[in-house]
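Enquirer: Coordinates in my_file33.cif, mmCIF, C-alpha atoms, are listed below.
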```cif
data_coords
loop_
_atom_site.label_atom_id
_atom_site.label_comp_id
_atom_site.auth_asym_id
_atom_site.auth_seq_id
_atom_site.Cartn_x
_atom_site.Cartn_y
_atom_site.Cartn_z
CA MET A 20 -2.81 -25.22 33.45
CA ARG A 21 -6.17 -26.95 33.71
CA VAL A 22 -8.34 -26.93 30.58
CA GLN A 23 -11.90 -28.10 30.17
CA LEU A 24 -13.34 -28.63 26.74
CA SER A 25 -15.95 -30.60 24.90
CA VAL A 26 -14.87 -32.81 22.02
CA ASN A 27 -17.59 -34.41 19.89
CA GLY A 28 -20.00 -33.79 22.74
CA ASP A 29 -17.84 -35.46 25.40
CA LYS A 30 -16.47 -33.35 28.24
CA HIS A 31 -12.74 -33.59 28.85
CA GLU A 32 -10.40 -32.10 31.40
CA ALA A 33 -6.63 -32.09 31.22
CA GLU A 34 -3.63 -30.50 32.86
CA VAL A 35 -1.49 -29.00 30.09
CA GLU A 36 1.58 -26.89 29.57
CA PRO A 37 0.62 -23.58 27.89
CA ARG A 38 2.85 -24.38 24.93
CA LEU A 39 1.02 -27.63 24.14
CA LEU A 40 -0.62 -27.35 20.73
CA LEU A 41 -4.26 -28.28 20.34
CA VAL A 42 -3.44 -31.04 17.87
CA HIS A 43 -1.13 -32.65 20.44
CA LEU A 44 -3.80 -32.42 23.13
CA LEU A 45 -6.26 -34.18 20.82
CA ARG A 46 -3.90 -36.88 19.62
CA GLU A 47 -1.59 -37.54 22.54
CA VAL A 48 -3.61 -36.66 25.62
CA LEU A 49 -7.16 -37.47 24.51
CA ARG A 50 -5.93 -40.20 22.12
CA LEU A 51 -8.14 -38.98 19.28
CA THR A 52 -5.71 -39.80 16.48
CA GLY A 53 -8.13 -39.23 13.60
CA THR A 54 -6.85 -35.64 13.37
CA HIS A 55 -3.55 -35.73 11.48
CA ILE A 56 -0.40 -33.67 11.77
CA GLY A 57 0.82 -32.86 8.28
CA CYS A 58 3.11 -29.92 7.59
CA ASP A 59 3.01 -28.52 11.15
CA THR A 60 3.35 -25.03 9.61
CA SER A 61 -0.33 -24.05 9.09
CA HIS A 62 -0.22 -24.73 5.37
CA CYS A 63 -1.67 -28.17 4.71
CA GLY A 64 -4.84 -28.32 6.78
CA ALA A 65 -4.57 -32.03 7.69
CA CYS A 66 -5.04 -30.99 11.35
CA THR A 67 -8.28 -29.06 10.70
CA VAL A 68 -10.89 -29.39 13.45
CA LEU A 69 -13.95 -27.31 14.31
CA MET A 70 -13.70 -24.94 17.26
CA ASP A 71 -17.09 -23.50 18.18
CA GLY A 72 -18.24 -24.55 14.71
CA ARG A 73 -15.45 -22.92 12.68
CA PRO A 74 -12.63 -24.85 11.01
CA VAL A 75 -9.22 -24.05 12.51
CA LYS A 76 -5.77 -25.53 12.01
CA SER A 77 -5.16 -27.26 15.32
CA CYS A 78 -1.37 -27.12 14.85
CA THR A 79 -1.67 -23.32 15.10
CA VAL A 80 -3.82 -23.07 18.23
CA PHE A 81 -2.61 -23.61 21.79
CA ALA A 82 -4.58 -26.17 23.78
CA VAL A 83 -5.19 -23.52 26.46
CA GLN A 84 -7.05 -21.44 23.88
CA ALA A 85 -9.59 -24.24 23.56
CA ASN A 86 -10.49 -23.93 27.23
CA GLY A 87 -14.30 -23.80 27.48
CA LYS A 88 -14.78 -24.42 23.76
CA GLN A 89 -16.79 -26.96 21.80
CA LEU A 90 -14.58 -28.96 19.48
CA MET A 91 -15.46 -31.38 16.76
CA THR A 92 -12.99 -33.78 15.19
CA VAL A 93 -13.33 -36.33 12.41
CA GLU A 94 -14.31 -38.93 15.01
CA GLY A 95 -17.50 -36.93 15.59
CA LEU A 96 -18.84 -37.33 12.06
CA GLU A 97 -19.98 -40.95 12.28
CA GLN A 98 -23.17 -41.40 14.28
CA ASN A 99 -24.20 -44.77 15.78
CA GLY A 100 -22.09 -46.69 13.33
CA THR A 101 -23.38 -44.81 10.28
CA LEU A 102 -20.99 -42.72 8.24
CA HIS A 103 -21.88 -39.09 7.71
CA PRO A 104 -23.06 -38.48 4.10
CA LEU A 105 -19.82 -36.58 3.48
CA GLN A 106 -17.76 -39.60 4.56
CA ALA A 107 -19.92 -41.90 2.47
CA SER A 108 -19.44 -39.58 -0.52
CA PHE A 109 -15.67 -39.55 -0.13
CA MET A 110 -15.89 -43.34 -0.32
CA SER A 111 -18.28 -43.59 -3.27
CA GLU A 112 -16.61 -40.80 -5.28
CA HIS A 113 -13.06 -41.95 -4.50
CA GLY A 114 -12.26 -38.66 -2.75
CA LEU A 115 -9.11 -40.11 -1.22
CA GLN A 116 -6.11 -42.15 -2.11
CA CYS A 117 -3.57 -42.21 0.73
CA GLY A 118 -6.11 -40.62 3.08
CA TYR A 119 -3.69 -38.39 4.92
CA CYS A 120 -5.49 -35.13 4.13
CA THR A 121 -8.95 -36.69 4.49
CA PRO A 122 -9.73 -35.81 8.14
CA GLY A 123 -9.00 -32.15 7.39
CA MET A 124 -10.92 -32.22 4.10
CA LEU A 125 -13.91 -33.76 5.87
CA MET A 126 -13.97 -31.17 8.66
CA THR A 127 -13.58 -28.26 6.25
CA GLY A 128 -16.22 -29.77 3.96
CA TYR A 129 -18.60 -30.42 6.85
CA ALA A 130 -18.48 -26.80 8.08
CA PHE A 131 -18.65 -25.47 4.52
CA LEU A 132 -21.79 -27.44 3.60
CA GLN A 133 -23.55 -26.06 6.66
CA LYS A 134 -22.91 -22.53 5.37
CA ASN A 135 -23.40 -23.32 1.70
CA PRO A 136 -25.64 -26.38 1.20
CA ARG A 137 -25.60 -26.32 -2.64
CA PRO A 138 -22.17 -25.06 -3.68
CA SER A 139 -20.81 -24.71 -7.20
CA GLU A 140 -17.57 -26.42 -8.16
CA ASP A 141 -15.69 -23.12 -7.87
CA GLU A 142 -17.08 -22.50 -4.41
CA VAL A 143 -15.98 -25.95 -3.25
CA ARG A 144 -12.51 -25.38 -4.68
CA MET A 145 -12.18 -22.05 -2.85
CA ALA A 146 -13.51 -23.57 0.38
CA ILE A 147 -10.91 -26.34 0.42
CA SER A 148 -8.05 -24.11 -0.73
CA GLY A 149 -6.52 -24.26 2.76
CA ASN A 150 -6.37 -28.08 2.63
CA LEU A 151 -3.68 -29.69 0.53
CA CYS A 152 -4.01 -33.09 -1.15
CA ARG A 153 -1.00 -34.54 -2.94
CA CYS A 154 -2.74 -37.60 -4.44
CA THR A 155 -6.08 -36.88 -6.03
CA GLY A 156 -5.61 -33.65 -7.94
CA TYR A 157 -8.73 -32.55 -6.03
CA VAL A 158 -11.13 -33.61 -8.79
CA ASN A 159 -12.74 -36.41 -6.81
CA ILE A 160 -12.66 -34.45 -3.57
CA VAL A 161 -14.70 -31.70 -5.20
CA LYS A 162 -17.06 -34.32 -6.62
CA ALA A 163 -17.42 -35.93 -3.21
CA VAL A 164 -18.32 -32.65 -1.51
CA GLN A 165 -20.91 -31.90 -4.20
CA HIS A 166 -22.24 -35.45 -4.01
CA ALA A 167 -22.61 -35.06 -0.25
CA ALA A 168 -24.41 -31.74 -0.77
CA ALA A 169 -26.92 -33.45 -3.07
CA THR A 170 -27.37 -36.37 -0.66
CA ILE A 171 -27.92 -34.13 2.35
CA SER A 172 -30.38 -31.87 0.50
CA GLN A 173 -32.39 -34.97 -0.41
CA GLY A 174 -32.52 -35.70 3.30
CA GLY A 175 -30.65 -38.97 3.25
CA ALA A 176 -27.32 -40.64 3.70
CA MET B 56 7.67 -28.12 16.25
CA ILE B 57 7.32 -27.18 19.90
CA PRO B 58 7.49 -23.55 21.00
CA ALA B 59 9.65 -22.52 23.94
CA ALA B 60 7.87 -22.60 27.28
CA PHE B 61 5.95 -19.50 28.30
CA GLU B 62 3.54 -18.30 30.91
CA TYR B 63 -0.02 -17.90 29.65
CA HIS B 64 -2.31 -15.07 30.72
CA ALA B 65 -5.96 -14.77 29.79
CA PRO B 66 -7.22 -11.38 31.01
CA THR B 67 -10.94 -10.71 30.74
CA SER B 68 -10.81 -6.92 30.60
CA LEU B 69 -8.70 -4.31 28.81
CA GLY B 70 -7.68 -2.84 32.17
CA GLU B 71 -6.37 -6.17 33.34
CA ALA B 72 -4.62 -6.77 30.01
CA THR B 73 -2.85 -3.39 29.87
CA ALA B 74 -1.81 -3.67 33.54
CA LEU B 75 -0.24 -7.05 32.70
CA LEU B 76 1.55 -5.59 29.69
CA ALA B 77 2.78 -2.63 31.74
CA ARG B 78 4.23 -5.04 34.30
CA LEU B 79 5.73 -7.53 31.84
CA GLY B 80 7.09 -5.02 29.31
CA GLU B 81 9.02 -6.47 26.39
CA ASP B 82 8.74 -9.98 27.87
CA ALA B 83 5.12 -10.24 26.76
CA LYS B 84 3.46 -10.74 23.39
CA VAL B 85 -0.23 -10.19 22.73
CA LEU B 86 -2.04 -13.20 21.24
CA SER B 87 -5.04 -12.36 19.06
CA GLY B 88 -5.63 -14.71 16.11
CA GLY B 89 -2.22 -16.29 16.60
CA GLN B 90 -1.83 -17.12 12.93
CA SER B 91 1.50 -15.29 12.68
CA LEU B 92 2.65 -15.40 16.31
CA ILE B 93 2.19 -19.15 16.86
CA PRO B 94 4.07 -20.18 13.68
CA MET B 95 6.88 -17.81 14.70
CA MET B 96 6.95 -19.33 18.18
CA LYS B 97 7.01 -22.84 16.72
CA LEU B 98 9.96 -21.87 14.53
CA ARG B 99 11.50 -20.22 17.61
CA LEU B 100 11.76 -16.96 15.72
CA ALA B 101 9.84 -15.63 18.72
CA SER B 102 10.15 -16.95 22.26
CA PRO B 103 8.20 -14.57 24.48
CA PRO B 104 8.35 -15.57 28.16
CA HIS B 105 4.75 -14.36 28.55
CA VAL B 106 1.77 -14.59 26.22
CA VAL B 107 -1.23 -12.37 26.90
CA ASP B 108 -4.29 -13.85 25.18
CA ILE B 109 -6.83 -11.08 24.52
CA ASN B 110 -9.50 -13.38 23.05
CA GLY B 111 -11.40 -13.49 26.35
CA ILE B 112 -11.93 -9.72 26.40
CA ALA B 113 -15.52 -8.88 25.47
CA GLY B 114 -16.30 -6.13 22.99
CA LEU B 115 -13.11 -6.27 20.94
CA ALA B 116 -14.72 -7.86 17.88
CA GLY B 117 -17.25 -6.35 15.54
CA LEU B 118 -17.90 -4.15 12.54
CA ARG B 119 -20.02 -1.02 12.62
CA GLU B 120 -20.26 2.42 11.05
CA ALA B 121 -20.46 5.28 13.55
CA ASP B 122 -19.47 8.96 13.58
CA GLY B 123 -18.20 8.90 10.01
CA PHE B 124 -15.98 5.86 10.48
CA LEU B 125 -16.12 2.17 9.89
CA ARG B 126 -14.97 0.79 13.22
CA ILE B 127 -13.29 -2.58 13.03
CA GLY B 128 -12.77 -4.14 16.44
CA ALA B 129 -9.26 -5.52 16.85
CA LEU B 130 -10.45 -9.11 17.28
CA THR B 131 -12.60 -9.06 14.14
CA ARG B 132 -11.61 -12.14 12.13
CA GLU B 133 -10.71 -11.89 8.48
CA SER B 134 -13.58 -14.29 7.75
CA ASP B 135 -15.96 -11.80 9.44
CA LEU B 136 -14.92 -9.17 6.88
CA GLU B 137 -15.34 -11.69 4.10
CA GLU B 138 -18.86 -12.63 5.19
CA SER B 139 -20.09 -9.14 6.10
CA ALA B 140 -22.72 -7.61 3.81
CA LEU B 141 -21.66 -4.14 5.01
CA ILE B 142 -18.07 -4.77 3.93
CA ARG B 143 -19.05 -6.43 0.66
CA THR B 144 -21.32 -3.61 -0.43
CA ARG B 145 -19.57 -0.52 0.99
CA TYR B 146 -15.88 -1.45 1.23
CA PRO B 147 -14.89 -3.49 -1.84
CA LEU B 148 -11.21 -2.86 -1.13
CA LEU B 149 -11.47 -4.49 2.31
CA HIS B 150 -13.68 -7.28 1.01
CA GLU B 151 -11.27 -8.09 -1.78
CA THR B 152 -8.37 -8.04 0.65
CA SER B 153 -10.05 -10.36 3.15
CA LYS B 154 -10.57 -12.98 0.44
CA VAL B 155 -6.87 -13.25 -0.45
CA ILE B 156 -5.29 -13.28 3.00
CA ALA B 157 -3.73 -16.69 3.76
CA ASP B 158 -6.42 -19.37 3.25
CA PRO B 159 -10.05 -19.76 4.36
CA ILE B 160 -9.20 -21.75 7.50
CA VAL B 161 -6.48 -19.40 8.67
CA ARG B 162 -8.91 -16.51 8.10
CA ASN B 163 -11.30 -18.02 10.66
CA LEU B 164 -8.81 -17.06 13.39
CA ALA B 165 -6.59 -14.38 11.84
CA THR B 166 -7.62 -10.89 12.95
CA VAL B 167 -7.53 -7.51 11.24
CA GLY B 168 -5.82 -5.99 14.29
CA GLY B 169 -3.17 -8.68 14.33
CA ASN B 170 -2.53 -8.31 10.60
CA LEU B 171 -1.53 -4.68 11.31
CA ALA B 172 0.11 -5.05 14.73
CA HIS B 173 2.42 -7.78 13.44
CA GLY B 174 4.10 -5.12 11.27
CA ASP B 175 4.93 -7.55 8.49
CA PRO B 176 5.31 -5.71 5.14
CA ALA B 177 4.12 -8.93 3.44
CA ASN B 178 0.75 -8.75 5.21
CA ASP B 179 -2.13 -7.42 3.15
CA HIS B 180 -4.06 -5.09 5.45
CA PRO B 181 -1.21 -2.60 5.96
CA ALA B 182 -1.38 -1.55 2.29
CA THR B 183 -5.16 -1.48 2.23
CA MET B 184 -5.31 0.63 5.38
CA LEU B 185 -2.70 3.02 3.93
CA ALA B 186 -4.87 3.39 0.84
CA LEU B 187 -7.99 3.97 2.95
CA GLY B 188 -6.33 6.53 5.23
CA ALA B 189 -7.26 4.54 8.32
CA ALA B 190 -6.25 5.16 11.91
CA VAL B 191 -5.37 2.72 14.66
CA VAL B 192 -6.79 3.15 18.17
CA THR B 193 -4.78 1.82 21.10
CA ILE B 194 -5.21 1.64 24.84
CA SER B 195 -2.65 1.55 27.63
CA PRO B 196 -2.69 2.37 31.36
CA ARG B 197 -2.04 5.96 30.21
CA GLY B 198 -5.24 6.09 28.20
CA GLU B 199 -6.40 5.91 24.61
CA ARG B 200 -4.34 7.01 21.61
CA THR B 201 -5.19 7.32 17.92
CA ILE B 202 -2.34 6.72 15.51
CA PRO B 203 -2.72 7.64 11.83
CA ILE B 204 -1.82 4.58 9.76
CA GLY B 205 0.90 6.59 7.98
CA ALA B 206 2.81 6.81 11.28
CA PHE B 207 2.12 3.24 12.40
CA PHE B 208 4.67 1.15 10.50
CA THR B 209 8.11 2.15 11.75
CA GLY B 210 10.31 -0.65 10.37
CA PRO B 211 10.34 -4.33 9.43
CA PHE B 212 8.06 -6.06 11.97
CA ALA B 213 8.06 -2.83 13.97
CA THR B 214 5.13 -0.53 14.70
CA ALA B 215 4.38 2.54 16.79
CA LEU B 216 2.69 0.28 19.38
CA ARG B 217 4.39 0.54 22.78
CA SER B 218 4.92 -2.55 24.87
CA ASP B 219 2.04 -1.68 27.23
CA GLU B 220 -0.41 -0.80 24.45
CA ILE B 221 -3.12 -2.93 22.89
CA LEU B 222 -4.57 -2.18 19.49
CA THR B 223 -8.32 -2.02 20.12
CA GLU B 224 -9.86 -0.71 16.91
CA VAL B 225 -9.14 0.27 13.33
CA ARG B 226 -11.04 3.30 12.02
CA VAL B 227 -11.65 3.69 8.33
CA PRO B 228 -13.29 6.90 7.07
CA VAL B 229 -16.71 6.14 5.56
CA PRO B 230 -16.21 6.60 1.82
CA ALA B 231 -17.81 9.62 0.16
CA ALA B 232 -20.14 9.27 -2.81
CA ARG B 233 -18.39 8.28 -6.07
CA SER B 234 -15.74 6.25 -4.23
CA GLY B 235 -14.26 2.92 -5.21
CA GLY B 236 -11.43 0.68 -4.18
CA ALA B 237 -9.60 -2.43 -5.31
CA TYR B 238 -6.91 -4.81 -4.11
CA VAL B 239 -4.93 -6.63 -6.76
CA LYS B 240 -2.55 -9.30 -5.50
CA LEU B 241 -0.35 -11.72 -7.34
CA GLU B 242 0.41 -14.82 -5.30
CA ARG B 243 1.96 -18.07 -6.44
CA LYS B 244 -0.73 -20.09 -4.70
CA VAL B 245 -3.46 -19.66 -2.10
CA GLY B 246 -1.84 -19.07 1.27
CA ASP B 247 1.38 -17.59 -0.05
CA PHE B 248 2.47 -14.07 0.68
CA ALA B 249 2.08 -11.63 -2.19
CA THR B 250 4.77 -11.54 -4.83
CA ALA B 251 3.44 -7.99 -4.93
CA ALA B 252 0.04 -6.43 -4.35
CA VAL B 253 -1.47 -2.97 -4.77
CA ALA B 254 -4.36 -1.36 -2.89
CA VAL B 255 -6.16 1.64 -4.35
CA GLN B 256 -8.98 3.71 -2.88
CA LEU B 257 -10.24 6.75 -4.77
CA THR B 258 -13.06 9.29 -4.86
CA LEU B 259 -14.20 11.14 -7.97
CA SER B 260 -15.46 14.71 -8.07
CA ALA B 261 -18.88 15.50 -9.57
CA ALA B 262 -16.99 16.48 -12.73
CA GLY B 263 -15.38 13.05 -12.87
CA THR B 264 -11.82 14.01 -11.92
CA CYS B 265 -9.91 12.28 -9.16
CA GLU B 266 -10.59 14.13 -5.94
CA GLN B 267 -8.97 11.82 -3.41
CA VAL B 268 -6.74 8.79 -3.85
CA GLY B 269 -4.69 6.45 -1.68
CA ILE B 270 -2.28 3.82 -3.00
CA GLY B 271 -0.61 1.20 -0.79
CA LEU B 272 1.96 -1.42 -1.81
CA THR B 273 2.36 -4.89 -0.24
CA ASN B 274 5.62 -6.83 0.16
CA VAL B 275 7.85 -4.66 -2.00
CA GLY B 276 9.89 -3.02 0.75
CA LEU B 277 10.99 -3.29 4.37
CA THR B 278 7.70 -1.67 5.41
CA PRO B 279 4.34 -1.29 3.67
CA ILE B 280 4.70 1.60 1.23
CA LYS B 281 2.37 4.51 0.51
CA ALA B 282 2.97 5.52 -3.09
CA THR B 283 2.58 9.27 -2.56
CA ALA B 284 4.10 10.41 -5.87
CA ALA B 285 1.72 8.13 -7.74
CA GLU B 286 -1.20 9.53 -5.73
CA ALA B 287 -0.12 13.11 -6.55
CA ALA B 288 0.01 12.22 -10.24
CA LEU B 289 -3.67 11.24 -10.16
CA LYS B 290 -5.12 13.89 -7.88
CA GLY B 291 -7.18 16.53 -9.65
CA ARG B 292 -6.89 14.76 -12.99
CA ARG B 293 -9.21 12.82 -15.20
CA LEU B 294 -8.16 9.17 -14.91
CA ASP B 295 -7.36 8.50 -18.55
CA ASP B 296 -4.80 6.04 -19.88
CA ALA B 297 -1.95 8.56 -19.72
CA ALA B 298 -2.62 9.51 -16.08
CA ILE B 299 -2.94 5.87 -15.02
CA ALA B 300 0.25 4.89 -16.86
CA GLN B 301 2.16 7.73 -15.21
CA ALA B 302 0.91 6.82 -11.74
CA ALA B 303 1.75 3.15 -12.33
CA THR B 304 5.32 4.06 -13.27
CA LEU B 305 5.66 6.26 -10.19
CA ALA B 306 4.31 3.49 -7.94
CA ALA B 307 6.88 1.10 -9.40
CA GLU B 308 9.61 3.67 -8.68
CA ALA B 309 8.41 3.96 -5.07
CA SER B 310 8.74 0.21 -4.53
CA GLU B 311 11.91 -1.23 -3.02
CA PRO B 312 11.56 -4.96 -3.53
CA SER B 313 14.27 -7.50 -2.79
CA GLU B 314 14.98 -10.61 -4.80
CA ASP B 315 13.69 -13.91 -3.42
CA LEU B 316 12.05 -17.12 -4.61
CA ARG B 317 9.10 -15.08 -5.85
CA GLY B 318 11.12 -13.10 -8.34
CA SER B 319 13.88 -10.62 -9.14
CA VAL B 320 13.90 -6.95 -8.25
CA ALA B 321 13.18 -5.90 -11.83
CA TYR B 322 10.31 -8.37 -12.14
CA LYS B 323 8.66 -7.26 -8.93
CA ARG B 324 9.05 -3.58 -9.74
CA ASP B 325 7.41 -4.06 -13.11
CA LEU B 326 4.72 -6.12 -11.42
CA VAL B 327 3.93 -3.13 -9.19
CA ARG B 328 3.51 -1.04 -12.34
CA VAL B 329 1.12 -3.54 -13.91
CA LEU B 330 -0.88 -4.20 -10.73
CA THR B 331 -1.18 -0.46 -9.98
CA GLY B 332 -2.71 0.10 -13.42
CA ARG B 333 -5.18 -2.74 -12.87
CA ALA B 334 -6.08 -1.63 -9.35
CA VAL B 335 -6.69 2.00 -10.39
CA ARG B 336 -8.89 0.88 -13.29
CA ARG B 337 -10.93 -1.45 -11.12
CA ALA B 338 -11.31 1.18 -8.38
CA LEU B 339 -12.34 3.73 -11.01
CA ALA B 340 -14.97 1.41 -12.45
CA ARG B 341 -16.39 0.91 -8.96
CA ALA B 342 -16.38 4.66 -8.25
CA GLU B 343 -18.35 5.11 -11.49
CA GLY B 344 -20.81 2.47 -10.32
CA LYS B 345 -19.70 -0.05 -12.94
CA GLY B 346 -17.67 -2.31 -10.71
#
```
Translate the structure of the given file into structure tokens.

Expert:
Amino acid sequence: MRVQLSVNGDKHEAEVEPRLLLVHLLREVLRLTGTHIGCDTSHCGACTVLMDGRPVKSCTVFAVQANGKQLMTVEGLEQNGTLHPLQASFMSEHGLQCGYCTPGMLMTGYAFLQKNPRPSEDEVRMAISGNLCRCTGYVNIVKAVQHAAATISQGGA
Amino acid sequence: MIPAAFEYHAPTSLGEATALLARLGEDAKVLSGGQSLIPMMKLRLASPPHVVDINGIAGLAGLREADGFLRIGALTRESDLEESALIRTRYPLLHETSKVIADPIVRNLATVGGNLAHGDPANDHPATMLALGAAVVTISPRGERTIPIGAFFTGPFATALRSDEILTEVRVPVPAARSGGAYVKLERKVGDFATAAVAVQLTLSAAGTCEQVGIGLTNVGLTPIKATAAEAALKGRRLDDAAIAQAATLAAEASEPSEDLRGSVAYKRDLVRVLTGRAVRRALARAEGKG
């Protein structure tokens, strides 16, 4: 089946089997390997991408369902060689160790900050509760999201 | 994990969708949010030869009150319930439920209709809809049908839906004055199914006695359970400690849990007792305007 979709603003077209999962389309057909496959059972959130602006677990969506949709992956955060404030905050606040969960954390965090620009610690923790990290204990991830919120509200990177 | 191959259909109208289902019969599964169906297909617990994706059908999503009912379109996402001011202010039971289903990302796709149509006794909306006395509206080539929620769950992962029917809407009676509801769920972690959970919706009379009450139990039996004896113990009475304790005991007796990693039979049954007490108290506080 032919699917057309936009990923990070670029139009793509591909011929896919209906059973192909969105995460496999992104990684193996479009070669956008920033999105990770973690548990492959919709638990861990490493594969989180935005579909029409909402975070979804791309291991639990068929590629054909993304036909005609606007997708955003972690590759879409950086603009003209400048990290998004959320990425910069993950760096400065040490919001990652092994980095495996980071693409999912970033996409969830990105969508969350658009809805809630000045979240409390509890709100951040609830927002990322569908994304598992096995290294950091979440403390620095929460700090990074709040740091990014402060940076963005001050209008800078 | 790769699902078995299937043929994909994306109808754009209910007529087209039901005609497809009528033709394909048991070979087809309806795809709404996909957050239960796709994992089952990946595990090959389900291998439908045909998948009918209803997401392209306009008008199946949305929340509105009309003709004495809250009408929840089948494709309404759990996150839509969570973010709706109408649901937050008027339907605390539904709001509380939407916040504990799976995790926030899954809720962006998971639908209310799918949560019921899947027929999983571990899902949360079956119990809440039993407590609310909801009804399910379906459509097929033979026309529309309204199924009271009490007759909807027919067995484990089985519902009254026929193979050519699509669930289009859930209707919840608009609560009367002095109503309140609560959903109390114990889960080991975010995203897990309930170890047990209890939904309560009640209405008080002007005199302060319990006029109407519904109690639903999650994941403590082969189907979602309506705790009718517990309801009868509360109806017409003032909801004091003795009445609540009696209802909680009766709800525990109505549960039929099985032992698994989440706990033993005795533990889960006692959990139902404790959670029923908490849910009734919280619903009562809300009905009294203190919640």

Enquirer: To one decimal place in Å, what is the distance between CA of Arg317 (chain B) and CA of Val253 (chain B)?

Expert: 16.1 Å

Enquirer: Need the shell around Ser148 (chain A): protein/DNA/RNA residues with any atom at most 9 Å away, counting all atoms listed in the file. Skip same-chain ones fewer than 4 positions apart. Format as a VMD selection string?

Expert: (chain A and resid 143 to 144) or (chain B and resid 158 to 160 245 to 246)

Enquirer: Take the PyMOL selection byres ((chain B and resi 90) around 8), apply it to the structure above, and return the hits as a list in words.

Expert: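 Evaluating the PyMOL selection byres ((chain B and resi 90) around 8) on this file yields Thr79 of chain A; Gly88, Gly89, Ser91, Leu92, Ile93, Pro94, Val161, Leu164 and Ala165 of chain B.
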
Enquirer: Counting all atoms listed in the file, what is within 8 Å of Val167 (chain B), bar same-chain residues fewer than 5 positions away, as a compact mmCIF listing (two decimals) with C-alpha atoms, keeping the file's coordinate frame?

Expert:
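Produced file around-v2.txt, reproduced below:
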```
# COMPACT_ATOMS: atom_id res chain seq x y z
CA ILE B 127 -13.29 -2.58 13.03
CA ALA B 129 -9.26 -5.52 16.85
CA LEU B 130 -10.45 -9.11 17.28
CA THR B 131 -12.60 -9.06 14.14
CA ARG B 132 -11.61 -12.14 12.13
CA GLU B 133 -10.71 -11.89 8.48
CA HIS B 180 -4.06 -5.09 5.45
```

Enquirer: Given the PyMOL selection byres ((chain B) within 12 of (chain A)) and the file above, list the residues it selects as a PyMOL selection string.

Expert: chain B and resi 56-65+86-98+102-111+132+134-135+138+154-165+244-248

Enquirer: Can you measure CA of Phe109 (chain A) to CA of Val164 (chain A) for me? One decimal in Å is fine.

Expert: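 Answer for the CA of Phe109 (chain A) to CA of Val164 (chain A) separation: 7.5 Å.
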
Enquirer: With the PyMOL selection byres ((chain B and resi 184-200) around 7) as the selection, what would be picked from this file? Answer as a PyMOL selection string, please.

Expert: chain B and resi 73-74+180-183+201-205+219-228+254-256+269-271+281

Enquirer: Might you pull out every residue within 10 Å of Gly53 (chain A), with all atoms listed in the file counted and same-chain residues fewer than 6 positions away left off, and present them as a PyMOL selection string?

Expert: chain A and resi 45-46+65-66+92-95+119+121-123

Enquirer: Would you mind exporting C-alpha atoms of the selected residues as a compact mmCIF listing (two decimals), keeping the file's coordinate frame?

Expert:
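Okay, this is what ended up in part_19.txt:
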```
# COMPACT_ATOMS: atom_id res chain seq x y z
CA LEU A 45 -6.26 -34.18 20.82
CA ARG A 46 -3.90 -36.88 19.62
CA ALA A 65 -4.57 -32.03 7.69
CA CYS A 66 -5.04 -30.99 11.35
CA THR A 92 -12.99 -33.78 15.19
CA VAL A 93 -13.33 -36.33 12.41
CA GLU A 94 -14.31 -38.93 15.01
CA GLY A 95 -17.50 -36.93 15.59
CA TYR A 119 -3.69 -38.39 4.92
CA THR A 121 -8.95 -36.69 4.49
CA PRO A 122 -9.73 -35.81 8.14
CA GLY A 123 -9.00 -32.15 7.39
```

Enquirer: Using all atoms of region 128-137 of chain A that appear in the file, construct an axis-aligned enclosing box with 4 Å of padding on every side and provide its centre coordinates and edge lengths in Å, rounded to one decimal, as AutoDock Vina command-line options.

Expert:
```
--center_x -20.9 --center_y -26.5 --center_z 2.7 --size_x 17.4 --size_y 15.9 --size_z 18.7
```

Enquirer: From the options A:Cys117, A:Ala169, A:Leu125, A:Leu132, which residue's atoms come nearest to Thr155 (chain A), counting only C-alpha atoms?

Expert: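 Between A:Cys117, A:Ala169, A:Leu125, A:Leu132, the residue approaching Thr155 (chain A) most closely is A:Cys117.
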
Enquirer: If I take CA of Ala284 (chain B) and CA of Thr264 (chain B), how far is one from the other in Å, to one decimal?

Expert: 17.4 Å

Enquirer: For a quick check of understanding, using all atoms listed in the file, which of A:His55, A:His113, A:Lys30, A:Lys88 has the smallest distance to Gly156 (chain A)?

Expert: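 Between A:His55, A:His113, A:Lys30, A:Lys88, the residue approaching Gly156 (chain A) most closely is A:His113.
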
Enquirer: Given the choices B:Ala83, B:Arg78, B:Pro211, B:Ser68, which gets closest to Leu277 (chain B) if the distance is worked out from all atoms listed in the file?

Expert: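 So, comparing all the options, the nearest one is B:Pro211.
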
Enquirer: Write region 108-112 of chain A as an mmCIF file, keeping the file's coordinate frame, completed to N, CA and C atoms.

Expert:
```cif
data_model
loop_
_atom_site.group_PDB
_atom_site.id
_atom_site.type_symbol
_atom_site.label_atom_id
_atom_site.label_comp_id
_atom_site.auth_asym_id
_atom_site.auth_seq_id
_atom_site.Cartn_x
_atom_site.Cartn_y
_atom_site.Cartn_z
ATOM 1 N N SER A 108 -19.717 -40.117 0.816
ATOM 2 C CA SER A 108 -19.440 -39.580 -0.520
ATOM 3 C C SER A 108 -17.963 -39.651 -0.851
ATOM 4 N N PHE A 109 -17.102 -39.413 0.122
ATOM 5 C CA PHE A 109 -15.670 -39.550 -0.130
ATOM 6 C C PHE A 109 -15.348 -40.990 -0.539
ATOM 7 N N MET A 110 -16.104 -41.945 0.032
ATOM 8 C CA MET A 110 -15.890 -43.340 -0.320
ATOM 9 C C MET A 110 -16.414 -43.613 -1.737
ATOM 10 N N SER A 111 -17.672 -43.229 -1.986
ATOM 11 C CA SER A 111 -18.280 -43.590 -3.270
ATOM 12 C C SER A 111 -17.651 -42.837 -4.443
ATOM 13 N N GLU A 112 -17.186 -41.606 -4.198
ATOM 14 C CA GLU A 112 -16.610 -40.800 -5.280
ATOM 15 C C GLU A 112 -15.083 -40.909 -5.338
#
```
